$ cat work.cif   # mmCIF, C-alpha atoms
data_structure
#
loop_
_atom_site.group_PDB
_atom_site.id
_atom_site.type_symbol
_atom_site.label_atom_id
_atom_site.label_comp_id
_atom_site.auth_asym_id
_atom_site.auth_seq_id
_atom_site.Cartn_x
_atom_site.Cartn_y
_atom_site.Cartn_z
ATOM 1 C CA MET A 1 2.972 44.509 -15.341
ATOM 2 C CA GLY A 2 5.405 42.937 -17.757
ATOM 3 C CA ALA A 3 7.176 44.506 -20.658
ATOM 4 C CA PHE A 4 3.972 44.462 -22.717
ATOM 5 C CA SER A 5 1.417 46.728 -21.031
ATOM 6 C CA ILE A 6 -2.294 47.024 -21.665
ATOM 7 C CA TRP A 7 -1.572 50.045 -23.867
ATOM 8 C CA HIS A 8 0.619 47.929 -26.111
ATOM 9 C CA TRP A 9 -2.258 45.475 -26.473
ATOM 10 C CA ALA A 10 -4.681 48.297 -27.223
ATOM 11 C CA ILE A 11 -2.378 49.611 -29.952
ATOM 12 C CA MET A 12 -1.963 46.090 -31.398
ATOM 13 C CA LEU A 13 -5.728 45.623 -31.350
ATOM 14 C CA LEU A 14 -6.192 48.899 -33.227
ATOM 15 C CA LEU A 15 -3.474 48.147 -35.770
ATOM 16 C CA ILE A 16 -4.757 44.646 -36.491
ATOM 17 C CA GLY A 17 -8.381 44.737 -35.417
ATOM 18 C CA VAL A 18 -9.490 47.843 -37.312
ATOM 19 C CA PRO A 19 -8.365 46.546 -40.748
ATOM 20 C CA VAL A 20 -9.897 43.150 -39.997
ATOM 21 C CA PHE A 21 -13.166 44.801 -38.939
ATOM 22 C CA PHE A 22 -13.322 46.727 -42.202
ATOM 23 C CA ALA A 23 -12.431 43.579 -44.155
ATOM 24 C CA VAL A 24 -15.381 41.748 -42.635
ATOM 25 C CA ARG A 25 -17.637 44.747 -43.150
ATOM 26 C CA SER A 26 -16.640 45.199 -46.789
ATOM 27 C CA ALA A 27 -16.999 41.469 -47.441
ATOM 28 C CA ALA A 28 -20.667 41.702 -46.508
ATOM 29 C CA LYS A 29 -21.361 44.559 -48.972
ATOM 30 C CA PRO A 30 -22.662 43.509 -52.370
ATOM 31 C CA SER A 31 -20.218 44.147 -55.194
ATOM 32 C CA GLN A 32 -21.101 45.764 -58.534
ATOM 33 C CA ASN A 33 -19.573 42.783 -60.369
ATOM 34 C CA PRO A 34 -19.240 39.840 -57.955
ATOM 35 C CA GLU A 35 -17.834 37.504 -60.638
ATOM 36 C CA ALA A 36 -14.780 39.775 -60.994
ATOM 37 C CA LEU A 37 -13.793 39.235 -57.362
ATOM 38 C CA VAL A 38 -11.510 36.213 -57.739
ATOM 39 C CA GLY A 39 -7.984 35.496 -56.565
ATOM 40 C CA PHE A 40 -5.691 36.823 -53.905
ATOM 41 C CA GLY A 41 -6.451 40.511 -53.879
ATOM 42 C CA GLY A 42 -7.993 43.017 -51.531
ATOM 43 C CA TRP A 43 -8.505 41.816 -47.986
ATOM 44 C CA LEU A 44 -7.854 38.214 -48.990
ATOM 45 C CA MET A 45 -4.248 39.183 -49.724
ATOM 46 C CA LEU A 46 -3.812 40.282 -46.091
ATOM 47 C CA LEU A 47 -5.269 36.988 -44.922
ATOM 48 C CA ALA A 48 -2.967 35.069 -47.285
ATOM 49 C CA ILE A 49 0.091 36.914 -45.962
ATOM 50 C CA GLY A 50 -0.963 36.210 -42.379
ATOM 51 C CA GLN A 51 -1.540 32.526 -43.110
ATOM 52 C CA ALA A 52 1.832 32.260 -44.862
ATOM 53 C CA LEU A 53 3.528 33.804 -41.824
ATOM 54 C CA SER A 54 1.664 31.715 -39.228
ATOM 55 C CA PRO A 55 4.011 28.682 -39.327
ATOM 56 C CA LEU A 56 6.955 31.066 -38.994
ATOM 57 C CA ARG A 57 5.325 32.669 -35.938
ATOM 58 C CA THR A 58 4.938 29.225 -34.399
ATOM 59 C CA LEU A 59 8.613 28.481 -35.069
ATOM 60 C CA ALA A 60 9.553 31.849 -33.563
ATOM 61 C CA GLU A 61 7.479 31.003 -30.474
ATOM 62 C CA LEU A 62 9.341 27.719 -30.219
ATOM 63 C CA GLY A 63 12.686 29.501 -30.500
ATOM 64 C CA ALA A 64 11.703 32.147 -27.953
ATOM 65 C CA SER A 65 10.882 29.389 -25.475
ATOM 66 C CA SER A 66 14.300 27.725 -25.716
ATOM 67 C CA ASP A 67 15.685 29.369 -22.549
ATOM 68 C CA GLY A 68 12.624 28.258 -20.609
ATOM 69 C CA TYR A 69 12.982 24.770 -22.052
ATOM 70 C CA ASN A 70 16.616 24.625 -20.940
ATOM 71 C CA GLN A 71 15.544 25.517 -17.391
ATOM 72 C CA LEU A 72 12.686 23.008 -17.462
ATOM 73 C CA MET A 73 15.047 20.195 -18.469
ATOM 74 C CA LEU A 74 16.570 20.420 -14.962
ATOM 75 C CA VAL A 75 13.218 20.030 -13.145
ATOM 76 C CA PRO A 76 11.814 16.581 -12.353
ATOM 77 C CA ASN A 77 9.596 15.558 -15.301
ATOM 78 C CA GLY A 78 10.848 18.666 -17.081
ATOM 79 C CA PRO A 79 12.056 16.812 -20.176
ATOM 80 C CA MET A 80 8.596 15.249 -20.521
ATOM 81 C CA VAL A 81 7.053 18.733 -20.372
ATOM 82 C CA VAL A 82 9.470 20.114 -22.969
ATOM 83 C CA TYR A 83 9.016 17.218 -25.398
ATOM 84 C CA GLY A 84 5.235 17.343 -25.030
ATOM 85 C CA GLU A 85 5.038 21.089 -25.590
ATOM 86 C CA VAL A 86 7.413 20.960 -28.545
ATOM 87 C CA ALA A 87 5.378 18.092 -30.060
ATOM 88 C CA LEU A 88 2.149 20.093 -29.588
ATOM 89 C CA LEU A 89 3.643 23.201 -31.206
ATOM 90 C CA LEU A 90 5.078 21.195 -34.091
ATOM 91 C CA ALA A 91 1.729 19.460 -34.646
ATOM 92 C CA PHE A 92 0.003 22.857 -34.704
ATOM 93 C CA MET A 93 2.627 24.145 -37.145
ATOM 94 C CA VAL A 94 2.067 21.152 -39.437
ATOM 95 C CA PHE A 95 -1.657 21.907 -39.407
ATOM 96 C CA GLN A 96 -0.917 25.551 -40.229
ATOM 97 C CA LEU A 97 1.088 24.303 -43.219
ATOM 98 C CA VAL A 98 -1.827 22.077 -44.309
ATOM 99 C CA VAL A 99 -4.124 25.131 -44.188
ATOM 100 C CA LEU A 100 -1.527 27.148 -46.126
ATOM 101 C CA VAL A 101 -1.282 24.498 -48.865
ATOM 102 C CA ALA A 102 -5.089 24.319 -49.099
ATOM 103 C CA MET A 103 -5.145 28.095 -49.434
ATOM 104 C CA LEU A 104 -2.454 28.173 -52.127
ATOM 105 C CA ARG A 105 -4.192 25.387 -54.069
ATOM 106 C CA ARG A 106 -7.477 27.334 -53.775
ATOM 107 C CA SER A 107 -9.084 24.275 -52.260
ATOM 108 C CA LEU A 108 -12.767 24.260 -51.431
ATOM 109 C CA ARG A 109 -11.752 22.874 -48.021
ATOM 110 C CA PHE A 110 -9.735 25.966 -47.097
ATOM 111 C CA LYS A 111 -12.653 27.629 -45.306
ATOM 112 C CA GLN A 112 -13.263 24.563 -43.114
ATOM 113 C CA LEU A 113 -9.560 24.097 -42.396
ATOM 114 C CA PHE A 114 -9.193 27.781 -41.502
ATOM 115 C CA LEU A 115 -12.122 27.455 -39.082
ATOM 116 C CA ILE A 116 -10.591 24.330 -37.497
ATOM 117 C CA GLN A 117 -7.227 26.092 -37.185
ATOM 118 C CA TRP A 118 -8.980 28.918 -35.332
ATOM 119 C CA LEU A 119 -10.741 26.501 -32.980
ATOM 120 C CA ALA A 120 -7.453 24.679 -32.390
ATOM 121 C CA ILE A 121 -5.946 27.753 -30.697
ATOM 122 C CA PRO A 122 -7.821 27.416 -27.380
ATOM 123 C CA VAL A 123 -7.621 23.613 -27.579
ATOM 124 C CA ALA A 124 -3.825 23.775 -27.884
ATOM 125 C CA VAL A 125 -3.572 26.299 -25.035
ATOM 126 C CA ILE A 126 -5.758 24.162 -22.748
ATOM 127 C CA LEU A 127 -3.974 20.901 -23.639
ATOM 128 C CA ASN A 128 -0.596 22.499 -23.055
ATOM 129 C CA ALA A 129 -1.626 23.963 -19.689
ATOM 130 C CA ILE A 130 -3.035 20.623 -18.525
ATOM 131 C CA TRP A 131 0.040 18.775 -19.805
ATOM 132 C CA VAL A 132 2.503 21.067 -18.029
ATOM 133 C CA SER A 133 0.561 21.304 -14.766
ATOM 134 C CA THR A 134 0.051 17.538 -14.588
ATOM 135 C CA ALA A 135 3.647 16.667 -15.478
ATOM 136 C CA ILE A 136 5.306 18.974 -12.951
ATOM 137 C CA GLY A 137 2.568 18.836 -10.333
ATOM 138 C CA VAL A 138 1.529 22.479 -10.136
ATOM 139 C CA SER A 139 -1.818 24.179 -10.593
ATOM 140 C CA VAL A 140 -2.908 25.454 -14.000
ATOM 141 C CA ARG A 141 -2.910 28.990 -12.552
ATOM 142 C CA GLN A 142 0.832 28.710 -12.026
ATOM 143 C CA VAL A 143 1.316 27.580 -15.612
ATOM 144 C CA VAL A 144 -0.879 30.130 -17.410
ATOM 145 C CA THR A 145 -0.002 33.722 -16.636
ATOM 146 C CA GLY A 146 -2.443 36.554 -17.174
ATOM 147 C CA GLU A 147 -0.258 38.056 -19.904
ATOM 148 C CA ALA A 148 -0.033 34.752 -21.799
ATOM 149 C CA LEU A 149 -3.772 34.247 -21.477
ATOM 150 C CA ALA A 150 -4.417 37.784 -22.756
ATOM 151 C CA THR A 151 -2.165 37.103 -25.757
ATOM 152 C CA HIS A 152 -4.105 33.952 -26.636
ATOM 153 C CA ILE A 153 -7.475 35.657 -26.175
ATOM 154 C CA VAL A 154 -6.488 38.589 -28.420
ATOM 155 C CA SER A 155 -5.185 36.152 -31.036
ATOM 156 C CA PHE A 156 -8.385 34.095 -30.862
ATOM 157 C CA VAL A 157 -10.609 37.160 -31.235
ATOM 158 C CA LEU A 158 -8.623 38.633 -34.144
ATOM 159 C CA ILE A 159 -8.481 35.354 -36.034
ATOM 160 C CA GLY A 160 -12.193 34.941 -35.307
ATOM 161 C CA LEU A 161 -12.785 38.166 -37.224
ATOM 162 C CA TRP A 162 -10.829 36.709 -40.148
ATOM 163 C CA VAL A 163 -12.941 33.546 -39.947
ATOM 164 C CA ALA A 164 -16.051 35.721 -40.221
ATOM 165 C CA TYR A 165 -14.505 37.405 -43.262
ATOM 166 C CA VAL A 166 -13.727 34.030 -44.871
ATOM 167 C CA TYR A 167 -17.329 32.905 -44.483
ATOM 168 C CA LYS A 168 -18.886 36.194 -45.717
ATOM 169 C CA SER A 169 -16.537 37.241 -48.514
ATOM 170 C CA VAL A 170 -17.607 37.011 -52.142
ATOM 171 C CA ARG A 171 -13.932 36.972 -53.168
ATOM 172 C CA VAL A 172 -13.272 33.985 -50.906
ATOM 173 C CA ARG A 173 -16.320 32.156 -52.244
ATOM 174 C CA ASN A 174 -15.184 32.809 -55.844
ATOM 175 C CA THR A 175 -11.530 31.946 -55.204
ATOM 176 C CA PHE A 176 -11.705 28.693 -53.257
ATOM 177 C CA THR A 177 -13.510 26.445 -55.691
ATOM 178 C CA ARG A 178 -11.166 23.550 -56.415
ATOM 179 C CA VAL A 179 -12.308 20.175 -55.153
ATOM 180 C CA GLY A 180 -9.566 17.505 -54.979
ATOM 181 C CA ALA A 181 -6.992 16.685 -57.643
ATOM 182 C CA SER A 182 -8.449 13.185 -58.013
ATOM 183 C CA THR A 183 -11.938 14.601 -58.650
ATOM 184 C CA GLN A 184 -10.584 17.013 -61.277
ATOM 185 C CA VAL A 185 -8.752 14.224 -63.100
ATOM 186 C CA ALA A 186 -11.833 11.973 -63.036
ATOM 187 C CA GLY A 187 -14.016 14.781 -64.353
ATOM 188 C CA ALA A 188 -11.597 15.523 -67.209
ATOM 189 C CA SER A 189 -11.679 11.998 -68.655
#
$ encode --input "work.cif" --output "structure tokens"
Amino acid sequence: MGAFSIWHWAIMLLLIGVPVFFAVRSAAKPSQNPEALVGFGGWLMLLAIGQALSPLRTLAELGASSDGYNQLMLVPNGPMVVYGEVALLLAFMVFQLVVLVAMLRRSLRFKQLFLIQWLAIPVAVILNAIWVSTAIGVSVRQVVTGEALATHIVSFVLIGLWVAYVYKSVRVRNTFTRVGASTQVAGAS
């Protein structure tokens, strides 16, 4: 196996998955005073930190791929692969920033955007694999390694738990209530 064994993944799953599991579980429990659960506190604070770091993780992924990109530039159609993958990652990062802004503005749309961001993970992985395999003329199996696939699956599952939390949490429901700025201005006049 590579440098990241199955035991590393199990430890990561425990470190991240267990708190997320309890966040979802506690979100489903009725609170003594549900109106008091507002703002970025409790489990929502962990989600907010993760969402704030997500564009940085995407940038780090881009930076970590630079050596591979340099090698790909020498392969026929390699530049097309690199530019396409970079464009896909940058587009995903822009969407992560849109979700972050919606979260910070406490927008009512945050829950939907967070769900779409989650669903975009496998879409981006599939589009990238098809793009790379088509451009350089190799099979998708040669493009997507088992370790990379496992990373994406773990990420998808863990973020899926956070999506469940977002849709069940009283704190989330009480915090994300703002409609659009134009609607607020119109209602104030």
$ atom_distance --input "work.cif" --atom1 "CA of Glu85 in chain A" --atom2 "CA of Val157 in chain A"
23.1 Å
$ resolve_selection --input "work.cif" --expression "the PyMOL selection byres ((chain A and resi 175) around 8)" --output "list in words"
Leu37, Val38, Gly39, Phe40, Arg106, Arg171, Val172, Arg173, Asn174, Phe176 and Thr177 of chain A
$ write_last_selection --input "work.cif" --atoms "C-alpha atoms" --output "short mmCIF file (atom, residue, chain, number, x, y, z; two decimals), in the coordinates of the input"
data_model
loop_
_atom_site.label_atom_id
_atom_site.label_comp_id
_atom_site.auth_asym_id
_atom_site.auth_seq_id
_atom_site.Cartn_x
_atom_site.Cartn_y
_atom_site.Cartn_z
CA LEU A 37 -13.79 39.24 -57.36
CA VAL A 38 -11.51 36.21 -57.74
CA GLY A 39 -7.98 35.50 -56.56
CA PHE A 40 -5.69 36.82 -53.90
CA ARG A 106 -7.48 27.33 -53.78
CA ARG A 171 -13.93 36.97 -53.17
CA VAL A 172 -13.27 33.98 -50.91
CA ARG A 173 -16.32 32.16 -52.24
CA ASN A 174 -15.18 32.81 -55.84
CA PHE A 176 -11.70 28.69 -53.26
CA THR A 177 -13.51 26.44 -55.69
#
$ atom_distance --input "work.cif" --atom1 "CA of Val75 in chain A" --atom2 "CA of Gln142 in chain A"
15.2 Å
$ atom_distance --input "work.cif" --atom1 "CA of Leu119 in chain A" --atom2 "CA of Leu72 in chain A"
28.3 Å
$ resolve_selection --input "work.cif" --expression "the PyMOL selection byres ((chain A and resi 82) around 10)" --output "list of chain:residue names"
A:Ser65, A:Ser66, A:Gly68, A:Tyr69, A:Asn70, A:Gln71, A:Leu72, A:Met73, A:Asn77, A:Gly78, A:Pro79, A:Met80, A:Val81, A:Tyr83, A:Gly84, A:Glu85, A:Val86, A:Ala87, A:Leu88, A:Val132
$ closest_residue --input "work.cif" --among "A:Trp162, A:Tyr167, A:Trp131, A:Phe92" --to "Val144 in chain A" --atoms "all atoms listed in the file"
A:Trp131
$ residues_around --input "work.cif" --residues "Ser107 in chain A" --least-positions-apart "3" --cutoff "9 Å" --atoms "all atoms listed in the file" --output "ChimeraX atom specification"
/A:101-104,110-111,175-180
$ write_last_selection --input "work.cif" --atoms "C-alpha atoms" --output "mmCIF file, in the coordinates of the input"
data_model
loop_
_atom_site.group_PDB
_atom_site.id
_atom_site.type_symbol
_atom_site.label_atom_id
_atom_site.label_comp_id
_atom_site.auth_asym_id
_atom_site.auth_seq_id
_atom_site.Cartn_x
_atom_site.Cartn_y
_atom_site.Cartn_z
ATOM 1 C CA VAL A 101 -1.282 24.498 -48.865
ATOM 2 C CA ALA A 102 -5.089 24.319 -49.099
ATOM 3 C CA MET A 103 -5.145 28.095 -49.434
ATOM 4 C CA LEU A 104 -2.454 28.173 -52.127
ATOM 5 C CA PHE A 110 -9.735 25.966 -47.097
ATOM 6 C CA LYS A 111 -12.653 27.629 -45.306
ATOM 7 C CA THR A 175 -11.530 31.946 -55.204
ATOM 8 C CA PHE A 176 -11.705 28.693 -53.257
ATOM 9 C CA THR A 177 -13.510 26.445 -55.691
ATOM 10 C CA ARG A 178 -11.166 23.550 -56.415
ATOM 11 C CA VAL A 179 -12.308 20.175 -55.153
ATOM 12 C CA GLY A 180 -9.566 17.505 -54.979
#
$ closest_residue --input "work.cif" --among "A:Leu59, A:Leu74, A:Leu115, A:Leu89" --to "Ala164 in chain A" --atoms "only C-alpha atoms"
A:Leu115
$ closest_residue --input "work.cif" --among "A:Val125, A:Val140, A:Ile130, A:Val170" --to "Ser155 in chain A" --atoms "all atoms listed in the file"
A:Val125
$ closest_residue --input "work.cif" --among "A:Ser169, A:Ser54, A:Gln117, A:Thr145" --to "Gly41 in chain A" --atoms "all atoms listed in the file"
A:Ser169
$ residues_around --input "work.cif" --residues "Thr58 in chain A" --least-positions-apart "2" --cutoff "10 Å" --atoms "only C-alpha atoms" --output "list in words"
Leu53, Ser54, Pro55, Leu56, Ala60, Glu61, Leu62, Gly63, Ala64, Leu89, Leu90, Phe92, Met93, Val94 and Gln96 of chain A
$ axis_aligned_box --input "work.cif" --around "range 87-96 of chain A" --padding-each-side "4 Å" --output "AutoDock Vina command-line options"
--center_x 1.9 --center_y 21.8 --center_z -34.9 --size_x 15.0 --size_y 15.5 --size_z 18.6
